[in-house]
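The file run-v4.txt comes next; it holds compact mmCIF, C-alpha atoms.
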# COMPACT_ATOMS: atom_id res chain seq x y z
CA MET C 1 74.65 45.56 -130.45
CA GLU C 2 77.86 47.63 -130.35
CA PRO C 3 80.47 46.31 -127.87
CA LEU C 4 81.90 48.57 -125.20
CA ASN C 5 85.19 50.36 -125.79
CA ASP C 6 88.12 50.06 -123.35
CA ASP C 7 87.23 53.12 -121.27
CA GLU C 8 83.60 52.09 -120.92
CA LEU C 9 84.56 48.55 -119.94
CA ASN C 10 87.06 49.81 -117.35
CA GLU C 11 84.42 52.12 -115.92
CA TYR C 12 81.97 49.24 -115.44
CA LEU C 13 84.62 46.87 -114.09
CA ARG C 14 85.49 49.39 -111.37
CA GLN C 15 81.95 49.13 -110.05
CA TRP C 16 82.30 45.49 -109.02
CA GLU C 17 83.79 45.76 -105.55
CA ALA C 18 84.75 42.82 -103.37
CA PRO C 19 84.56 42.83 -99.56
CA ASN C 20 87.64 42.57 -97.38
CA ALA C 21 88.15 39.58 -95.09
CA PRO C 22 85.80 39.55 -92.08
CA THR C 23 87.27 41.57 -89.21
CA GLY C 24 87.22 38.63 -86.80
CA MET C 25 89.25 36.36 -89.05
CA ARG C 26 92.22 34.89 -87.16
CA PRO C 27 95.37 33.28 -88.56
CA PRO C 28 95.17 29.49 -88.66
CA SER C 29 97.08 27.41 -86.16
CA ASP C 30 99.10 24.39 -87.22
CA ARG C 31 98.47 22.57 -83.96
CA PRO C 32 94.77 21.92 -83.44
CA ALA C 33 93.69 20.57 -80.04
CA TRP C 34 94.05 16.78 -79.92
CA TRP C 35 90.47 16.27 -78.78
CA ARG C 36 89.21 18.20 -81.80
CA TRP C 37 90.65 15.47 -84.00
CA LEU C 38 88.44 12.95 -82.19
CA ILE C 39 85.39 14.95 -83.28
CA SER C 40 86.28 16.08 -86.75
CA GLY C 41 89.43 14.18 -87.71
CA THR C 42 89.62 11.94 -90.74
CA ILE C 43 91.75 8.95 -91.62
CA ARG C 44 92.70 8.14 -95.18
CA VAL C 45 92.51 4.42 -95.83
CA PRO C 46 93.62 2.84 -99.15
CA VAL C 47 90.71 1.06 -100.85
CA PRO C 48 92.28 -2.46 -100.73
CA ALA C 49 93.02 -2.07 -97.00
CA GLY C 50 89.48 -0.78 -96.40
CA LEU C 51 87.92 -3.70 -98.28
CA LEU C 52 90.12 -6.18 -96.41
CA ALA C 53 89.11 -4.64 -93.08
CA ILE C 54 85.43 -4.90 -94.03
CA VAL C 55 85.82 -8.58 -95.02
CA ILE C 56 87.67 -9.38 -91.77
CA ILE C 57 85.02 -7.64 -89.67
CA MET C 58 82.19 -9.46 -91.49
CA LEU C 59 83.91 -12.86 -91.06
CA SER C 60 84.56 -12.14 -87.36
CA VAL C 61 80.92 -11.28 -86.79
CA TYR C 62 79.83 -14.39 -88.71
CA TRP C 63 82.12 -16.67 -86.66
CA ALA C 64 81.10 -15.08 -83.37
CA VAL C 65 77.41 -15.55 -84.14
CA SER C 66 77.98 -19.16 -85.32
CA ALA C 67 79.95 -20.05 -82.17
CA ARG C 68 77.30 -18.57 -79.91
CA GLN C 69 74.59 -20.57 -81.68
CA ALA C 70 76.63 -23.78 -81.33
CA THR C 71 77.14 -23.40 -77.54
CA SER C 72 73.62 -22.34 -76.76
CA ALA C 73 71.89 -24.96 -78.95
CA PRO C 74 69.13 -26.65 -76.86
CA GLY C 75 69.92 -30.35 -75.97
CA ARG C 76 67.42 -33.22 -75.96
CA THR C 77 64.70 -32.74 -73.36
CA VAL C 78 64.75 -35.41 -70.60
CA THR C 79 61.37 -36.64 -69.29
CA LEU C 80 60.38 -39.14 -66.52
CA ALA C 81 59.66 -41.70 -69.22
CA ASP C 82 63.38 -41.91 -69.87
CA PHE C 83 64.02 -43.29 -66.33
CA GLU C 84 63.65 -47.04 -65.69
CA PRO C 85 64.37 -49.35 -62.70
CA VAL C 86 67.83 -50.93 -62.34
CA LYS C 87 67.64 -54.49 -63.66
CA GLU C 88 70.33 -56.12 -61.47
CA LEU C 89 71.77 -54.65 -58.29
CA GLN C 90 75.45 -55.42 -57.67
CA PRO C 91 76.24 -54.07 -54.19
CA ARG C 92 79.93 -53.67 -53.33
CA ILE C 93 81.07 -52.98 -49.79
CA ILE C 94 84.13 -50.90 -49.32
CA ARG C 95 85.69 -50.84 -45.87
CA SER C 96 88.25 -48.51 -44.51
CA GLY C 97 91.73 -49.96 -43.65
CA TYR C 98 91.64 -49.88 -39.76
CA GLU C 99 88.47 -52.02 -39.58
CA ARG C 100 90.39 -55.07 -40.74
CA MET S 1 109.27 31.70 -90.88
CA THR S 2 108.73 32.75 -87.29
CA GLY S 3 105.32 33.04 -85.68
CA THR S 4 105.57 36.83 -85.73
CA GLU S 5 106.47 36.88 -89.44
CA PHE S 6 103.59 34.54 -90.17
CA ARG S 7 101.05 36.67 -88.28
CA SER S 8 102.39 39.77 -89.99
CA ALA S 9 102.01 38.13 -93.43
CA PHE S 10 98.48 37.06 -92.51
CA HIS S 11 97.37 40.55 -91.52
CA GLU S 12 99.07 42.12 -94.53
CA HIS S 13 97.68 39.80 -97.21
CA LYS S 14 94.48 38.27 -95.87
CA ASP S 15 92.27 40.93 -97.50
CA ALA S 16 93.84 40.47 -100.94
CA VAL S 17 93.53 36.69 -100.71
CA TYR S 18 89.93 36.95 -99.48
CA ARG S 19 88.91 39.39 -102.23
CA PHE S 20 90.49 37.19 -104.90
CA ALA S 21 88.84 34.04 -103.52
CA TRP S 22 85.50 35.84 -103.23
CA ARG S 23 85.72 37.01 -106.84
CA MET S 24 86.68 33.54 -108.03
CA THR S 25 84.02 31.61 -106.07
CA SER S 26 81.23 34.20 -105.49
CA SER S 27 80.89 32.70 -102.03
CA PRO S 28 81.90 34.29 -98.70
CA GLY S 29 82.04 30.83 -97.08
CA ALA S 30 84.32 29.43 -99.76
CA ALA S 31 86.50 32.56 -99.59
CA ASP S 32 86.82 32.10 -95.80
CA ASP S 33 87.91 28.48 -96.27
CA ILE S 34 90.38 29.37 -99.00
CA VAL S 35 92.03 32.08 -96.87
CA GLN S 36 92.48 29.62 -94.01
CA ASP S 37 93.86 26.94 -96.34
CA VAL S 38 96.23 29.36 -98.06
CA PHE S 39 97.81 30.51 -94.79
CA LEU S 40 97.84 27.00 -93.37
CA SER S 41 99.81 25.96 -96.43
CA LEU S 42 102.26 28.83 -95.82
CA LEU S 43 102.58 27.83 -92.17
CA ARG S 44 103.28 24.18 -92.97
CA HIS S 45 105.52 24.69 -96.00
CA PRO S 46 107.17 28.11 -95.71
CA ALA S 47 110.16 26.90 -97.74
CA ARG S 48 107.97 26.66 -100.82
CA PHE S 49 107.98 30.46 -101.03
CA ASP S 50 111.05 31.68 -102.87
CA ASP S 51 111.27 35.47 -102.80
CA ALA S 52 113.59 35.36 -105.82
CA ARG S 53 110.62 34.16 -107.89
CA GLY S 54 108.20 36.89 -106.89
CA GLN S 55 106.38 38.60 -104.06
CA LEU S 56 104.66 36.80 -101.21
CA ARG S 57 101.30 38.17 -102.38
CA SER S 58 101.70 36.52 -105.80
CA PHE S 59 102.68 33.27 -104.10
CA LEU S 60 99.63 33.35 -101.80
CA LEU S 61 97.26 34.25 -104.64
CA GLY S 62 98.74 31.37 -106.62
CA ILE S 63 97.76 28.96 -103.83
CA ALA S 64 94.32 30.60 -103.60
CA ARG S 65 93.94 30.22 -107.34
CA ASN S 66 94.71 26.48 -107.20
CA LEU S 67 92.23 25.98 -104.35
CA ALA S 68 89.51 27.96 -106.18
CA LEU S 69 90.05 25.94 -109.37
CA LYS S 70 89.94 22.71 -107.37
CA ARG S 71 86.56 23.71 -105.96
CA TRP S 72 85.37 24.72 -109.41
CA ARG S 73 86.40 21.33 -110.83
CA GLU S 74 84.52 19.53 -108.06
CA GLU S 75 81.36 21.50 -108.82
CA ASN S 76 81.68 21.51 -112.63
CA ARG S 77 83.22 18.13 -113.34
CA TRP S 78 82.38 18.09 -117.03
CA ASP S 79 83.10 21.70 -117.98
CA VAL S 80 86.41 22.85 -119.39
CA LEU S 81 88.55 25.40 -117.56
CA GLU S 82 89.27 27.46 -120.62
CA ASP S 83 86.68 27.47 -123.32
CA GLU S 84 87.98 29.42 -126.29
CA GLN S 85 84.64 28.89 -128.00
CA PHE S 86 82.84 30.49 -125.07
CA VAL S 87 79.96 32.57 -126.41
CA ALA S 88 79.32 35.70 -124.40
CA GLU S 89 75.61 36.43 -124.06
CA PRO S 90 74.56 40.03 -123.40
CA VAL S 91 73.57 40.61 -119.78
CA ASP S 92 70.00 41.08 -118.64
CA LEU S 93 69.60 44.63 -117.39
CA ALA S 94 66.54 43.68 -115.37
CA ARG S 95 68.87 41.95 -112.89
CA GLY S 96 69.36 45.16 -110.92
CA GLU S 97 72.48 46.92 -109.72
CA ILE S 98 75.29 47.50 -112.22
CA SER S 99 77.89 46.06 -109.83
CA ARG S 100 75.85 42.88 -109.61
CA ILE S 101 75.44 42.69 -113.39
CA VAL S 102 79.19 43.17 -113.88
CA GLY S 103 79.97 40.56 -111.18
CA GLU S 104 77.68 38.01 -112.78
CA ALA S 105 79.17 38.67 -116.21
CA ILE S 106 82.69 38.12 -114.85
CA ASN S 107 81.59 34.99 -112.99
CA SER S 108 80.18 33.52 -116.18
CA LEU S 109 83.61 33.70 -117.86
CA PRO S 110 85.61 30.44 -118.09
CA PRO S 111 87.75 30.20 -114.92
CA LEU S 112 91.13 30.70 -116.62
CA GLN S 113 89.89 33.90 -118.25
CA ARG S 114 88.26 35.03 -115.02
CA GLU S 115 91.40 34.62 -112.91
CA VAL S 116 93.65 36.63 -115.22
CA LEU S 117 91.02 39.35 -115.46
CA VAL S 118 90.64 39.54 -111.67
CA LEU S 119 94.41 39.60 -111.12
CA ALA S 120 94.94 42.25 -113.79
CA GLU S 121 91.97 44.52 -113.14
CA TYR S 122 91.48 44.21 -109.40
CA GLU S 123 94.87 43.25 -107.98
CA GLY S 124 96.89 45.37 -110.40
CA PHE S 125 99.20 42.53 -111.44
CA SER S 126 101.34 42.85 -114.55
CA ALA S 127 101.20 40.13 -117.21
CA GLU S 128 104.52 38.76 -115.90
CA GLU S 129 103.24 38.60 -112.31
CA ILE S 130 100.04 36.89 -113.47
CA ALA S 131 102.09 34.41 -115.48
CA ARG S 132 104.10 33.48 -112.35
CA THR S 133 100.97 33.28 -110.24
CA VAL S 134 98.99 31.04 -112.58
CA GLU S 135 102.07 29.19 -113.85
CA ALA S 136 101.52 29.99 -117.50
CA GLU S 137 103.42 31.71 -120.29
CA VAL S 138 103.14 35.49 -120.53
CA GLY S 139 101.74 35.16 -124.05
CA THR S 140 99.07 32.75 -122.81
CA VAL S 141 98.11 35.17 -120.06
CA LYS S 142 97.83 38.05 -122.51
CA GLY S 143 95.66 35.91 -124.79
CA ARG S 144 93.33 34.93 -121.95
CA LEU S 145 93.07 38.53 -120.76
CA HIS S 146 92.29 39.70 -124.27
CA ARG S 147 89.56 37.07 -124.67
CA ALA S 148 88.12 37.87 -121.25
CA ARG S 149 87.88 41.57 -122.06
CA GLU S 150 86.41 40.88 -125.51
CA ASN S 151 83.76 38.67 -123.95
CA LEU S 152 82.94 41.30 -121.34
CA ARG S 153 82.71 44.02 -123.99
CA ARG S 154 79.95 42.03 -125.67
CA MET S 155 78.26 40.85 -122.49
CA LEU S 156 78.08 44.31 -120.97
CA ALA S 157 77.09 46.06 -124.21
CA PRO S 158 73.45 46.41 -123.08
CA LEU S 159 74.72 48.73 -120.33
CA LYS S 160 75.88 51.11 -123.05
CA GLN S 161 72.46 51.04 -124.65
CA ALA S 162 70.98 51.97 -121.30
CA ASN S 163 73.52 54.76 -120.87
CA GLY S 164 70.88 57.29 -121.77
CA ARG S 165 69.18 56.35 -118.55
CA SER S 166 70.72 57.69 -115.37
CA LEU S 167 72.07 55.76 -112.43
CA THR S 168 70.42 55.91 -109.06
CA SER S 169 72.54 56.51 -105.97
CA ASN S 170 72.76 52.77 -105.28
CA GLY S 171 74.00 51.93 -108.77
CA THR S 172 70.76 50.74 -110.37
CA LEU S 173 69.45 51.95 -113.72
CA LYS S 174 66.26 53.95 -113.78
Rewrite the coordinates I just gave you, this time as structure tokens.
Amino acid sequence: MEPLNDDELNEYLRQWEAPNAPTGMRPPSDRPAWWRWLISGTIRVPVPAGLLAIVIIMLSVYWAVSARQATSAPGRTVTLADFEPVKELQPRIIRSGYER
Amino acid sequence: MTGTEFRSAFHEHKDAVYRFAWRMTSSPGAADDIVQDVFLSLLRHPARFDDARGQLRSFLLGIARNLALKRWREENRWDVLEDEQFVAEPVDLARGEISRIVGEAINSLPPLQREVLVLAEYEGFSAEEIARTVEAEVGTVKGRLHRARENLRRMLAPLKQANGRSLTSNGTLK
């Protein structure tokens, strides 16, 4: 197939038109609203710092869960069978000072 | 750069930047993003523009070019930017309008050939201006432009074969 010559190529290239920018396009602003950052902002974190943060968070959660289990562990259940009469009473009378 | 100068530059050059980005990405959404990023870069780093090195339009299109290539690299991680062995396949005339066929042929060129073609043919840049914009040697630019045109000559050859047929009012072959 015979290639196009320069004039023919130029003629075809002219037919590929591109649109202009949309009419509503506004110039960008360098100062976005602070609250917008809370919705769409990003933070770049170096990988080592990110991994360290993940490890610290996981250890904190592990310790918190372990501590809670230790404090809320059920003690031995006490029943009436564990009570028994006193074998020897040793009464001791304590008087106040002005009764002497 | 004052706020007034910045707004003036935006209104003067936004269409050229948008058209270039649209031709490089084939996507209105990507072109929108690139225009915003180009002017945001100018707003944040106005000192990077040195009018002794060229016009503001060349500088802005240079930023747009870098952003378009960055997007291209993200989408085509394993392809090379300039493929000198690129084999141009003739276009399929059944695809419809001539403008669409031409656009698809240009979009199938390797990016470094496409950008010099777009800057030369559609923005009217000289080889020297293109070289400054794409940060390449003038000889390299001329070589890329030559290869781009050679590829298009072969790709669009079927249009010549169909030249006997007439064009409809909306640019399709009948």
| request: Name the residues in contact with Met24 of chain S at a cut-off of 12 Å, using all atoms listed in the file, excluding same-chain residues fewer than 6 positions from it; report them as a ChimeraX atom specification. | output: /C:18 /S:17-18,30-31,34,61,64-72,103-104,106-119,122
| request: Name the residues in contact with segment 51-60 of chain S at a cut-off of 12 Å, using only C-alpha atoms, excluding same-chain residues fewer than 6 positions from it; report them as a PyMOL selection string. | output: chain S and resi 5-6+8-18+20-21+34-43+45+66-67+119-120+123-135
Pull C-alpha atoms from the residues just selected and write them as a PDB file, keeping the file's coordinate frame.
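Writing done, so here's part_15.pdb:
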ATOM      1  CA  GLU S   5     106.470  36.880 -89.440  1.00  0.00           C
ATOM      2  CA  PHE S   6     103.590  34.540 -90.170  1.00  0.00           C
ATOM      3  CA  SER S   8     102.390  39.770 -89.990  1.00  0.00           C
ATOM      4  CA  ALA S   9     102.010  38.130 -93.430  1.00  0.00           C
ATOM      5  CA  PHE S  10      98.480  37.060 -92.510  1.00  0.00           C
ATOM      6  CA  HIS S  11      97.370  40.550 -91.520  1.00  0.00           C
ATOM      7  CA  GLU S  12      99.070  42.120 -94.530  1.00  0.00           C
ATOM      8  CA  HIS S  13      97.680  39.800 -97.210  1.00  0.00           C
ATOM      9  CA  LYS S  14      94.480  38.270 -95.870  1.00  0.00           C
ATOM     10  CA  ASP S  15      92.270  40.930 -97.500  1.00  0.00           C
ATOM     11  CA  ALA S  16      93.840  40.470-100.940  1.00  0.00           C
ATOM     12  CA  VAL S  17      93.530  36.690-100.710  1.00  0.00           C
ATOM     13  CA  TYR S  18      89.930  36.950 -99.480  1.00  0.00           C
ATOM     14  CA  PHE S  20      90.490  37.190-104.900  1.00  0.00           C
ATOM     15  CA  ALA S  21      88.840  34.040-103.520  1.00  0.00           C
ATOM     16  CA  ILE S  34      90.380  29.370 -99.000  1.00  0.00           C
ATOM     17  CA  VAL S  35      92.030  32.080 -96.870  1.00  0.00           C
ATOM     18  CA  GLN S  36      92.480  29.620 -94.010  1.00  0.00           C
ATOM     19  CA  ASP S  37      93.860  26.940 -96.340  1.00  0.00           C
ATOM     20  CA  VAL S  38      96.230  29.360 -98.060  1.00  0.00           C
ATOM     21  CA  PHE S  39      97.810  30.510 -94.790  1.00  0.00           C
ATOM     22  CA  LEU S  40      97.840  27.000 -93.370  1.00  0.00           C
ATOM     23  CA  SER S  41      99.810  25.960 -96.430  1.00  0.00           C
ATOM     24  CA  LEU S  42     102.260  28.830 -95.820  1.00  0.00           C
ATOM     25  CA  LEU S  43     102.580  27.830 -92.170  1.00  0.00           C
ATOM     26  CA  HIS S  45     105.520  24.690 -96.000  1.00  0.00           C
ATOM     27  CA  ASN S  66      94.710  26.480-107.200  1.00  0.00           C
ATOM     28  CA  LEU S  67      92.230  25.980-104.350  1.00  0.00           C
ATOM     29  CA  LEU S 119      94.410  39.600-111.120  1.00  0.00           C
ATOM     30  CA  ALA S 120      94.940  42.250-113.790  1.00  0.00           C
ATOM     31  CA  GLU S 123      94.870  43.250-107.980  1.00  0.00           C
ATOM     32  CA  GLY S 124      96.890  45.370-110.400  1.00  0.00           C
ATOM     33  CA  PHE S 125      99.200  42.530-111.440  1.00  0.00           C
ATOM     34  CA  SER S 126     101.340  42.850-114.550  1.00  0.00           C
ATOM     35  CA  ALA S 127     101.200  40.130-117.210  1.00  0.00           C
ATOM     36  CA  GLU S 128     104.520  38.760-115.900  1.00  0.00           C
ATOM     37  CA  GLU S 129     103.240  38.600-112.310  1.00  0.00           C
ATOM     38  CA  ILE S 130     100.040  36.890-113.470  1.00  0.00           C
ATOM     39  CA  ALA S 131     102.090  34.410-115.480  1.00  0.00           C
ATOM     40  CA  ARG S 132     104.100  33.480-112.350  1.00  0.00           C
ATOM     41  CA  THR S 133     100.970  33.280-110.240  1.00  0.00           C
ATOM     42  CA  VAL S 134      98.990  31.040-112.580  1.00  0.00           C
ATOM     43  CA  GLU S 135     102.070  29.190-113.850  1.00  0.00           C
TER      44      GLU S 135
END
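The two atoms in question, atom CA of Tyr62 of chain C and atom CA of Arg44 of chain C, are spaced 26.7 Å apart.
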| field | At most 6 Å to chain S: residues in chain C, all atoms listed in the file, as a ChimeraX atom specification | value | /C:3-4,15-16,18,20-21,28
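Separating atom CA of Ala33 of chain C from atom CA of Ile63 of chain S is a distance of 25.6 Å.
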